[in-house]
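Source file target_9.txt; content: compact mmCIF, C-alpha atoms.
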```txt
# COMPACT_ATOMS: atom_id res chain seq x y z
CA MET A 403 -11.13 -14.22 -3.05
CA GLU A 404 -13.96 -12.66 -1.16
CA ALA A 405 -16.60 -13.81 -3.62
CA GLN A 406 -15.59 -17.45 -3.28
CA ASN A 407 -16.09 -17.40 0.49
CA THR A 408 -19.52 -15.78 0.40
CA ALA A 409 -22.43 -17.92 1.59
CA VAL A 410 -25.24 -15.36 1.56
CA ARG A 411 -28.36 -16.50 -0.29
CA VAL A 412 -29.15 -14.97 -3.66
CA GLN A 413 -32.78 -13.90 -3.41
CA SER A 414 -35.03 -15.25 -6.16
CA GLU A 415 -36.57 -11.83 -6.79
CA ASP A 416 -33.13 -10.53 -7.83
CA LEU A 417 -32.44 -13.37 -10.24
CA GLU A 418 -34.15 -11.74 -13.21
CA TYR A 419 -32.13 -8.57 -12.65
CA LEU A 420 -28.84 -10.52 -12.55
CA VAL A 421 -29.68 -12.51 -15.67
CA ASN A 422 -30.68 -9.41 -17.62
CA THR A 423 -27.57 -7.51 -16.51
CA VAL A 424 -25.12 -10.25 -17.47
CA LYS A 425 -26.80 -11.29 -20.72
CA SER A 426 -26.90 -7.67 -21.89
CA LYS A 427 -23.08 -7.67 -21.85
CA ILE A 428 -21.96 -11.29 -22.36
CA GLN A 429 -23.16 -14.09 -24.63
CA THR A 430 -23.76 -17.19 -22.51
CA TYR A 431 -24.85 -20.74 -23.35
CA GLU A 432 -25.96 -21.96 -19.93
CA ILE A 433 -27.04 -20.60 -16.53
CA GLN A 434 -26.79 -22.54 -13.27
CA VAL A 435 -28.57 -21.27 -10.15
CA SER A 436 -27.89 -22.39 -6.59
CA PRO A 437 -29.03 -20.93 -3.26
CA THR A 438 -25.78 -19.00 -2.87
CA ASP A 439 -24.63 -18.12 -6.41
CA VAL A 440 -25.44 -17.88 -10.09
CA LYS A 441 -23.07 -19.13 -12.80
CA PHE A 442 -23.12 -17.94 -16.40
CA PHE A 443 -21.17 -20.20 -18.77
CA TYR A 444 -19.63 -18.69 -21.89
CA PHE A 445 -17.17 -19.23 -24.74
CA ASN A 446 -14.31 -16.77 -25.17
CA SER A 447 -14.82 -16.91 -28.94
CA ASP A 448 -18.33 -15.46 -28.49
CA ASN A 449 -17.05 -12.57 -26.34
CA PRO A 450 -14.04 -10.78 -27.91
CA GLY A 451 -14.44 -7.81 -25.53
CA LEU A 452 -14.91 -9.93 -22.41
CA SER A 453 -12.69 -7.86 -20.09
CA GLU A 454 -14.48 -4.61 -20.89
CA SER A 455 -17.91 -6.25 -20.64
CA PHE A 456 -17.07 -7.84 -17.31
CA ASP A 457 -15.89 -4.50 -15.92
CA GLU A 458 -19.20 -2.90 -16.91
CA ILE A 459 -21.03 -5.71 -15.11
CA ARG A 460 -18.80 -5.26 -12.07
CA LYS A 461 -19.51 -1.52 -11.89
CA GLU A 462 -23.24 -2.26 -12.09
CA LEU A 463 -23.42 -5.10 -9.55
CA VAL A 464 -20.89 -4.28 -6.82
CA PRO A 465 -22.71 -1.13 -5.60
CA ARG A 466 -25.89 -3.26 -5.37
CA GLY A 467 -24.26 -5.82 -3.10
CA TYR A 468 -23.17 -8.48 -5.60
CA ILE A 469 -19.65 -9.73 -6.35
CA PRO A 470 -19.00 -11.13 -9.85
CA PHE A 471 -15.81 -12.95 -10.75
CA LEU A 472 -14.48 -14.90 -13.70
CA TYR A 473 -13.27 -18.49 -13.64
CA GLU A 474 -11.46 -20.10 -16.53
CA GLY A 475 -10.54 -23.64 -15.58
CA GLY A 476 -12.07 -26.58 -17.41
CA GLU A 477 -15.15 -24.53 -18.27
CA HIS A 478 -15.39 -20.75 -18.42
CA TYR A 479 -18.02 -19.03 -16.35
CA LEU A 480 -18.91 -15.82 -14.58
CA GLN A 481 -20.06 -16.43 -11.02
CA ILE A 482 -22.08 -13.97 -8.95
CA ASN A 483 -22.40 -14.14 -5.16
CA ARG A 484 -24.38 -12.00 -2.79
CA ARG A 485 -22.06 -9.85 -0.70
CA PRO A 486 -22.47 -10.23 3.07
CA PRO A 487 -23.50 -7.06 4.94
CA THR A 488 -20.43 -5.08 6.05
CA LYS A 489 -20.11 -2.17 8.46
CA PHE A 490 -17.33 0.39 8.04
CA ARG A 491 -15.97 2.77 10.64
CA GLY A 492 -16.92 6.42 10.31
CA VAL A 493 -14.49 9.14 9.29
CA TYR A 494 -14.25 10.27 12.92
CA VAL A 495 -11.90 7.31 13.53
CA ASN A 496 -9.56 8.60 10.80
CA ILE A 497 -9.62 12.09 12.37
CA ILE A 498 -8.91 10.82 15.91
CA MET A 499 -6.01 8.64 14.72
CA LEU A 500 -4.64 11.53 12.66
CA ILE A 501 -4.67 13.85 15.70
CA LEU A 502 -3.05 11.22 17.94
CA THR A 503 -0.36 10.52 15.34
CA LEU A 504 0.32 14.23 14.93
CA ALA A 505 0.77 14.49 18.69
CA SER A 506 3.06 11.46 18.91
CA THR A 507 5.24 12.49 15.95
CA ILE A 508 5.53 16.07 17.24
CA TYR A 509 6.57 14.75 20.65
CA VAL A 510 9.16 12.36 19.19
CA GLY A 511 10.38 15.04 16.78
CA SER A 512 10.86 17.43 19.71
CA LEU A 513 13.22 14.90 21.30
CA TYR A 514 15.35 14.80 18.15
CA ALA A 515 15.22 18.62 18.01
CA ALA A 516 16.89 18.89 21.44
CA ASN A 517 20.30 19.11 19.78
CA TYR A 518 19.18 22.23 17.89
CA VAL A 519 17.44 24.17 20.68
CA ALA A 520 19.49 25.91 23.35
CA GLY A 521 18.60 26.04 27.03
CA SER A 522 16.42 23.87 29.22
CA ASN A 523 13.25 25.99 29.10
CA HIS A 524 12.53 25.96 25.40
CA GLU A 525 9.84 23.26 25.30
CA LEU A 526 7.60 25.25 22.96
CA LEU A 527 10.44 25.87 20.52
CA ARG A 528 11.36 22.19 20.62
CA LEU A 529 7.75 21.24 19.88
CA LEU A 530 7.72 23.73 16.99
CA TYR A 531 10.92 22.19 15.59
CA GLY A 532 9.40 18.75 16.12
CA PHE A 533 6.38 19.71 14.02
CA VAL A 534 8.09 21.69 11.24
CA PHE A 535 11.19 19.55 10.77
CA PHE A 536 9.90 16.09 11.67
CA SER A 537 6.16 15.53 12.04
CA PHE A 538 5.04 17.59 9.03
CA PRO A 539 7.46 16.14 6.43
CA LEU A 540 7.07 12.58 7.75
CA MET A 541 3.28 12.61 7.86
CA SER A 542 3.14 14.38 4.51
CA ILE A 543 5.13 11.57 2.87
CA LEU A 544 3.05 8.86 4.55
CA GLY A 545 -0.20 10.68 3.84
CA VAL A 546 0.58 11.30 0.18
CA HIS A 547 1.54 7.62 -0.13
CA GLU A 548 -1.88 6.50 1.11
CA LEU A 549 -3.73 9.18 -0.86
CA GLY A 550 -2.03 7.80 -3.98
CA HIS A 551 -3.72 4.45 -3.35
CA TYR A 552 -7.00 6.23 -2.58
CA VAL A 553 -7.06 8.38 -5.73
CA VAL A 554 -6.21 5.52 -8.11
CA ALA A 555 -8.69 3.17 -6.41
CA LYS A 556 -11.41 5.78 -6.95
CA ARG A 557 -10.41 6.02 -10.62
CA PHE A 558 -11.17 2.31 -10.96
CA LYS A 559 -14.49 2.72 -9.09
CA VAL A 560 -13.16 0.79 -6.10
CA ARG A 561 -14.35 2.19 -2.78
CA ALA A 562 -11.56 2.94 -0.30
CA SER A 563 -11.30 4.46 3.15
CA LEU A 564 -9.39 7.61 3.96
CA PRO A 565 -5.93 6.99 5.50
CA PHE A 566 -5.69 5.54 8.99
CA PHE A 567 -2.54 6.75 10.80
CA ILE A 568 -1.14 4.60 13.61
CA PRO A 569 0.36 6.54 16.55
CA ILE A 570 3.11 5.29 18.84
CA PRO A 571 5.21 7.69 20.97
CA LEU A 572 8.49 5.86 20.26
CA PHE A 573 11.31 6.04 17.67
CA ILE A 574 9.47 7.77 14.80
CA GLY A 575 6.12 8.40 16.49
CA THR A 576 4.06 6.21 14.17
CA PHE A 577 3.72 2.72 12.75
CA GLY A 578 2.77 4.29 9.42
CA ALA A 579 -0.62 4.54 7.76
CA PHE A 580 -2.93 2.45 5.63
CA ILE A 581 -6.18 2.61 3.69
CA SER A 582 -8.83 -0.08 3.49
CA LEU A 583 -10.13 -1.17 0.09
CA ARG A 584 -13.85 -1.72 0.58
CA ASP A 585 -14.47 -3.36 -2.78
CA PRO A 586 -12.60 -6.24 -4.44
CA VAL A 587 -9.94 -5.29 -6.98
CA PRO A 588 -11.53 -5.67 -10.43
CA ASN A 589 -8.61 -6.77 -12.62
CA ARG A 590 -4.84 -7.11 -12.86
CA LYS A 591 -4.44 -3.63 -14.35
CA ALA A 592 -6.19 -2.08 -11.35
CA MET A 593 -4.20 -4.27 -8.95
CA THR A 594 -0.90 -3.11 -10.49
CA GLU A 595 -1.76 0.59 -10.63
CA ILE A 596 -3.39 0.80 -7.19
CA GLY A 597 -0.40 -1.04 -5.73
CA ILE A 598 2.30 1.18 -7.22
CA ALA A 599 0.42 4.47 -6.74
CA GLY A 600 1.25 4.77 -3.03
CA PRO A 601 5.02 4.20 -3.23
CA LEU A 602 5.27 6.34 -6.37
CA PHE A 603 3.37 9.31 -4.90
CA GLY A 604 5.29 9.08 -1.62
CA PHE A 605 8.65 8.84 -3.39
CA LEU A 606 7.90 11.84 -5.60
CA LEU A 607 7.34 13.92 -2.46
CA ALA A 608 10.27 12.47 -0.49
CA PHE A 609 12.74 12.96 -3.36
CA PRO A 610 12.89 16.80 -3.30
CA LEU A 611 12.77 16.74 0.50
CA LEU A 612 16.12 14.91 0.41
CA PHE A 613 17.74 18.14 -0.79
CA VAL A 614 15.77 20.34 1.62
CA ALA A 615 16.76 18.21 4.62
CA ASP A 616 20.40 18.11 3.53
CA TYR A 617 20.47 21.91 3.12
CA LEU A 618 18.83 22.58 6.50
CA GLN A 619 21.21 20.14 8.17
CA LYS A 620 24.11 22.30 6.95
CA VAL A 621 22.71 25.78 7.69
CA ILE A 622 21.00 25.26 11.07
CA PRO A 623 23.68 25.02 13.78
CA TYR A 624 23.42 22.49 16.57
CA VAL A 625 23.96 23.42 20.20
CA HIS A 626 24.27 19.92 21.68
CA SER A 627 25.44 16.57 20.38
CA TYR A 628 23.39 14.09 22.38
CA SER A 629 23.63 10.53 21.09
CA LEU A 630 20.40 9.08 19.70
CA GLY A 631 21.44 5.52 20.45
CA PHE A 632 21.28 4.41 16.81
CA GLY A 633 22.75 5.25 13.44
CA LEU A 634 21.32 5.17 9.93
CA ASN A 635 22.43 3.36 6.81
CA PHE A 636 21.45 5.45 3.81
CA PRO A 637 20.11 3.75 0.66
CA LEU A 638 21.56 3.97 -2.83
CA VAL A 639 19.54 7.04 -3.84
CA TYR A 640 21.57 9.20 -1.44
CA HIS A 641 24.84 8.04 -2.96
CA LEU A 642 23.61 8.51 -6.53
CA LEU A 643 22.72 12.11 -5.66
CA ASP A 644 25.98 12.61 -3.73
CA ILE A 645 24.05 13.46 -0.57
CA HIS A 646 25.85 12.47 2.61
CA PRO A 647 23.87 13.69 5.65
CA ILE A 648 25.67 14.45 8.87
CA THR A 649 24.42 11.98 11.44
CA LYS A 650 26.12 13.42 14.56
CA PRO A 651 23.91 15.05 15.65
CA LEU A 652 21.06 13.98 13.39
CA PHE A 653 18.81 16.75 12.09
CA PRO A 654 15.12 15.77 12.61
CA MET A 655 14.14 16.26 8.96
CA VAL A 656 16.95 13.99 7.79
CA LEU A 657 15.41 11.20 9.84
CA ALA A 658 11.88 12.03 8.62
CA VAL A 659 12.90 11.79 4.94
CA TRP A 660 14.98 8.67 5.59
CA VAL A 661 11.87 7.05 7.09
CA GLY A 662 9.92 8.04 3.98
CA MET A 663 12.50 6.32 1.78
CA PHE A 664 12.60 3.27 4.02
CA ALA A 665 8.79 3.05 3.95
CA THR A 666 8.91 3.16 0.15
CA ALA A 667 11.35 0.25 0.02
CA MET A 668 9.54 -1.80 2.65
CA ASN A 669 6.19 -1.43 0.91
CA LEU A 670 7.69 -2.37 -2.45
CA ILE A 671 8.98 -5.74 -1.23
CA PRO A 672 7.07 -8.10 -3.57
CA VAL A 673 5.34 -10.36 -1.06
CA GLY A 674 1.81 -10.92 0.19
CA GLN A 675 -0.39 -7.89 0.84
CA LEU A 676 2.42 -5.32 0.63
CA ASP A 677 2.25 -2.83 -2.23
CA GLY A 678 4.99 -4.71 -4.05
CA GLY A 679 2.89 -7.86 -3.66
CA HIS A 680 -0.02 -6.10 -5.39
CA VAL A 681 2.23 -4.98 -8.25
CA VAL A 682 3.79 -8.40 -8.82
CA ARG A 683 0.43 -10.20 -8.54
CA GLY A 684 -1.03 -7.79 -11.09
CA LEU A 685 1.86 -8.19 -13.51
CA LEU A 686 2.53 -11.93 -13.17
CA GLY A 687 -0.89 -13.26 -12.22
CA ARG A 688 -0.81 -16.66 -10.52
CA HIS A 689 2.92 -17.00 -11.22
CA ALA A 690 3.53 -14.32 -8.58
CA ASN A 691 3.35 -17.02 -5.89
CA ILE A 692 6.89 -18.06 -6.83
CA VAL A 693 8.13 -14.52 -6.13
CA ASP A 694 6.27 -14.52 -2.78
CA TYR A 695 8.11 -17.61 -1.56
CA ILE A 696 11.50 -16.37 -2.75
CA PHE A 697 11.24 -12.97 -1.07
CA VAL A 698 9.77 -14.16 2.22
CA GLY A 699 12.72 -16.55 2.37
CA LEU A 700 15.08 -13.63 1.75
CA LEU A 701 13.42 -11.70 4.59
CA PHE A 702 14.16 -14.53 7.00
CA VAL A 703 17.78 -14.62 5.82
CA LEU A 704 18.14 -10.82 6.17
CA GLY A 705 16.69 -11.13 9.66
CA TYR A 706 20.05 -12.53 10.83
CA PHE A 707 21.56 -9.11 10.10
CA TYR A 708 18.57 -6.90 11.06
CA GLU A 709 15.86 -8.45 13.22
CA GLY A 710 13.17 -6.11 11.90
CA TRP A 711 12.96 -8.23 8.74
CA TRP A 712 11.87 -11.23 10.83
CA ILE A 713 9.00 -9.14 12.20
CA LEU A 714 7.97 -8.15 8.69
CA ALA A 715 8.20 -11.73 7.43
CA ILE A 716 5.98 -12.99 10.27
CA PHE A 717 3.51 -10.17 9.59
CA VAL A 718 3.37 -11.17 5.91
CA LEU A 719 2.73 -14.80 6.82
CA ILE A 720 -0.06 -13.85 9.25
CA MET A 721 -1.74 -11.59 6.67
CA GLY A 722 -1.38 -14.26 3.97
CA LEU A 723 1.67 -14.99 1.85
CA THR A 724 -0.12 -15.61 -1.44
CA HIS A 725 -2.03 -12.67 -2.86
CA PRO A 726 -5.73 -13.23 -3.67
CA PRO A 727 -6.65 -12.87 -7.35
CA ALA A 728 -8.58 -10.02 -8.93
CA LEU A 729 -12.20 -10.54 -9.92
CA ASP A 730 -11.00 -10.76 -13.51
CA ASP A 731 -7.66 -12.50 -13.18
CA TYR A 732 -7.39 -13.28 -16.89
CA SER A 733 -7.33 -9.86 -18.56
CA LYS A 734 -4.15 -8.77 -20.29
CA ILE A 735 -1.75 -6.23 -18.84
CA PRO A 736 -1.14 -3.12 -20.98
CA SER A 737 2.43 -2.12 -21.79
CA ARG A 738 2.07 0.97 -19.57
CA ASP A 739 1.74 -1.28 -16.53
CA ILE A 740 4.90 -3.15 -17.48
CA VAL A 741 6.68 0.22 -17.48
CA LEU A 742 5.19 0.95 -14.05
CA GLY A 743 6.52 -2.40 -12.86
CA ILE A 744 10.02 -1.44 -14.02
CA ILE A 745 9.69 1.91 -12.21
CA ALA A 746 8.65 0.04 -9.05
CA LEU A 747 11.73 -2.19 -9.34
CA VAL A 748 14.03 0.83 -9.77
CA MET A 749 12.47 2.61 -6.77
CA PHE A 750 12.91 -0.54 -4.68
CA VAL A 751 16.58 -0.93 -5.62
CA ILE A 752 17.52 2.69 -4.86
CA THR A 753 15.58 2.93 -1.57
CA PHE A 754 16.19 -0.51 -0.04
CA THR A 755 18.75 -0.90 2.74
CA PRO A 756 19.46 -4.47 3.96
CA ILE A 757 20.65 -3.20 7.37
CA PRO A 758 18.79 0.09 7.89
CA LEU A 759 19.74 0.78 11.53
CA LEU A 760 23.11 0.62 13.25
CA SER A 761 23.46 0.21 17.00
CA ARG A 762 25.74 2.57 18.90
```

Written as structure tokens, that's how I'd like the structure from this file.
Amino acid sequence: MEAQNTAVRVQSEDLEYLVNTVKSKIQTYEIQVSPTDVKFFYFNSDNPGLSESFDEIRKELVPRGYIPFLYEGGEHYLQINRRPPTKFRGVYVNIIMLILTLASTIYVGSLYAANYVAGSNHELLRLLYGFVFFSFPLMSILGVHELGHYVVAKRFKVRASLPFFIPIPLFIGTFGAFISLRDPVPNRKAMTEIGIAGPLFGFLLAFPLLFVADYLQKVIPYVHSYSLGFGLNFPLVYHLLDIHPITKPLFPMVLAVWVGMFATAMNLIPVGQLDGGHVVRGLLGRHANIVDYIFVGLLFVLGYFYEGWWILAIFVLIMGLTHPPALDDYSKIPSRDIVLGIIALVMFVITFTPIPLLSR
């Protein structure tokens, strides 16, 4: 947890403000002050609305540079640390990366569009196809995914960056996108809902595009049948909807939507800092560590069939296998979030493919 690693001194002139803020919301029986933090000890029986009171304190203190968190071990206390100064990149970085990713996905999409554009001097038409039938649907799905996280984070008064897209002029033209949460996650409810928002928003856009891509695949004739060097395994959702895309030659939008579905499944894997890790940590609390170990083990096993899972497993281990707790890791989860967890599980099952790519 960020607050536990903070070593910035709490200035004495701010102490009165902190004491007044906390004691206006929570009944405490003792206060301990050190150079780096302030602890307020309390009894749960004296504070029946502790979760709501803590969240009000959090909303007051975090914008002023303080991080409060709850600890309920032997004794129960609220600890406040001074947040170290942090610099964030300006929005111009988001814009530059967006433009570069647009360029790389349009270029890659134009390569896949070669089977649908006649002649050797139709570069502009290929680029247009690459944008309309590949770059636009793909980046829309990825962008809506990240905006889902952004919107729900804002609802919980958690600052977040705009999406950062990652360009690479190979395979699908991008390594995806991400947002940066600039405040700690306040409680398990927020952790669950912020985590599922991205996959849910992205899936809701990708779902109707399944039918659009399948229709366009059938009505737009191809003029070449160049091999792409790989094949696709389609997840369960395609079979449930009785959609069986033609993969020779592959229509660019079919690949774009497939990537959107694959990204949904990959993000919903319940490990570490992935979206599924957020959801499981929010729902199960500290018991989520068991799920982390089980699924990272499964990733290493699946890596024998598709090496990309080994890369993901190593990435998860580097980023941290166990998910850090919320500031209030003891609040109860409402029944609505349990329903959201079930929805996340269903989305994962119908979009996950153990061996996504086939070599040709």

Test item: axis-aligned box, all listed atoms of segment 613-619 of chain A, 6 Å on each side, centre and edges in Å rounded to one decimal, as AutoDock Vina command-line options:
```
--center_x 18.5 --center_y 20.3 --center_z 3.7 --size_x 17.4 --size_y 16.5 --size_z 21.0
```

List the spatial neighbours of Lys650 of chain A as a PyMOL selection string - criterion: any atom at most 10 Å away, all atoms listed in the file, same-chain residues fewer than 2 positions off excluded.
chain A and resi 517+624+626-630+633+647-648+652-653

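As for atom CA of Ser453 of chain A and atom CA of Arg584 of chain A, they are spaced 21.6 Å apart.
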
Residues within 9 Å of (-15.0, -6.8, -16.2), file coordinates, counting only C-alpha atoms: what are they? Give the list as number ranges by chain.
A: 452-461, 470-472, 588-589, 729-730, 733

Those same residues, written as a PDB file, in the coordinates of the input with C-alpha atoms?
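Just written: selection-v7.pdb:
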```pdb
ATOM      1  CA  LEU A 452     -14.910  -9.930 -22.410  1.00  0.00           C
ATOM      2  CA  SER A 453     -12.690  -7.860 -20.090  1.00  0.00           C
ATOM      3  CA  GLU A 454     -14.480  -4.610 -20.890  1.00  0.00           C
ATOM      4  CA  SER A 455     -17.910  -6.250 -20.640  1.00  0.00           C
ATOM      5  CA  PHE A 456     -17.070  -7.840 -17.310  1.00  0.00           C
ATOM      6  CA  ASP A 457     -15.890  -4.500 -15.920  1.00  0.00           C
ATOM      7  CA  GLU A 458     -19.200  -2.900 -16.910  1.00  0.00           C
ATOM      8  CA  ILE A 459     -21.030  -5.710 -15.110  1.00  0.00           C
ATOM      9  CA  ARG A 460     -18.800  -5.260 -12.070  1.00  0.00           C
ATOM     10  CA  LYS A 461     -19.510  -1.520 -11.890  1.00  0.00           C
ATOM     11  CA  PRO A 470     -19.000 -11.130  -9.850  1.00  0.00           C
ATOM     12  CA  PHE A 471     -15.810 -12.950 -10.750  1.00  0.00           C
ATOM     13  CA  LEU A 472     -14.480 -14.900 -13.700  1.00  0.00           C
ATOM     14  CA  PRO A 588     -11.530  -5.670 -10.430  1.00  0.00           C
ATOM     15  CA  ASN A 589      -8.610  -6.770 -12.620  1.00  0.00           C
ATOM     16  CA  LEU A 729     -12.200 -10.540  -9.920  1.00  0.00           C
ATOM     17  CA  ASP A 730     -11.000 -10.760 -13.510  1.00  0.00           C
ATOM     18  CA  SER A 733      -7.330  -9.860 -18.560  1.00  0.00           C
TER      19      SER A 733
END
```

Residues near Ile745 of chain A, anyone? I mean within 12 Å using only C-alpha atoms, not counting same-chain ones fewer than 3 positions away, as a short mmCIF file (atom, residue, chain, number, x, y, z; two decimals) with C-alpha atoms, in the coordinates of the input.
```cif
data_model
loop_
_atom_site.label_atom_id
_atom_site.label_comp_id
_atom_site.auth_asym_id
_atom_site.auth_seq_id
_atom_site.Cartn_x
_atom_site.Cartn_y
_atom_site.Cartn_z
CA THR A 594 -0.90 -3.11 -10.49
CA GLU A 595 -1.76 0.59 -10.63
CA ILE A 598 2.30 1.18 -7.22
CA ALA A 599 0.42 4.47 -6.74
CA PRO A 601 5.02 4.20 -3.23
CA LEU A 602 5.27 6.34 -6.37
CA PHE A 605 8.65 8.84 -3.39
CA LEU A 670 7.69 -2.37 -2.45
CA GLY A 678 4.99 -4.71 -4.05
CA VAL A 681 2.23 -4.98 -8.25
CA ARG A 738 2.07 0.97 -19.57
CA ASP A 739 1.74 -1.28 -16.53
CA ILE A 740 4.90 -3.15 -17.48
CA VAL A 741 6.68 0.22 -17.48
CA LEU A 742 5.19 0.95 -14.05
CA VAL A 748 14.03 0.83 -9.77
CA MET A 749 12.47 2.61 -6.77
CA PHE A 750 12.91 -0.54 -4.68
CA VAL A 751 16.58 -0.93 -5.62
CA ILE A 752 17.52 2.69 -4.86
#
```

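Using all atoms listed in the file for every distance, the candidate list A:Ala516, A:Ala615, A:Val510, A:Ile716 yields A:Val510 as the residue closest to Pro571 of chain A.
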
Mind dumping a table of every segment 520-582 of chain A residue within 10 Å of segment 491-496 of chain A, with the nearest atom pair and its distance in Å to one decimal, using all atoms listed in the file, sorted by chain and rising number, as a tab-separated table?
```
residue	atom	partner	partner_atom	distance
A:Ser563	CA	A:Val493	CA	8.4
A:Leu564	CA	A:Asn496	CA	6.9
A:Pro565	CA	A:Asn496	CA	6.6
A:Phe566	CA	A:Asn496	CA	5.3
A:Phe567	CA	A:Asn496	CA	7.3
A:Ile568	CA	A:Asn496	CA	9.7
A:Ile581	CA	A:Asn496	CA	9.9
```

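If you look at atom CA of Gly705 of chain A and atom CA of Pro727 of chain A, they are 28.9 Å away from each other.
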
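Straight-line separation from atom CA of Asp416 of chain A to atom CA of Arg485 of chain A: 13.2 Å.
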
Taking into account all atoms listed in the file, which residue in the set A:Leu685, A:Pro758, A:Pro437, A:Ile735 is nearest to Gly710 of chain A?
A:Pro758

Report as number ranges by chain all protein, DNA and RNA residues lying within 7 Å of Gly684 of chain A, evaluated on only C-alpha atoms, omitting residues in the same chain fewer than 5 positions from it.
A: 590-591, 593-594

Would you mind listing what lies within 9 Å of Ala715 of chain A as an MDAnalysis selection string, with all atoms listed in the file counted and same-chain residues fewer than 6 positions away left out?
chainID A and resid 698:699 701:702 705
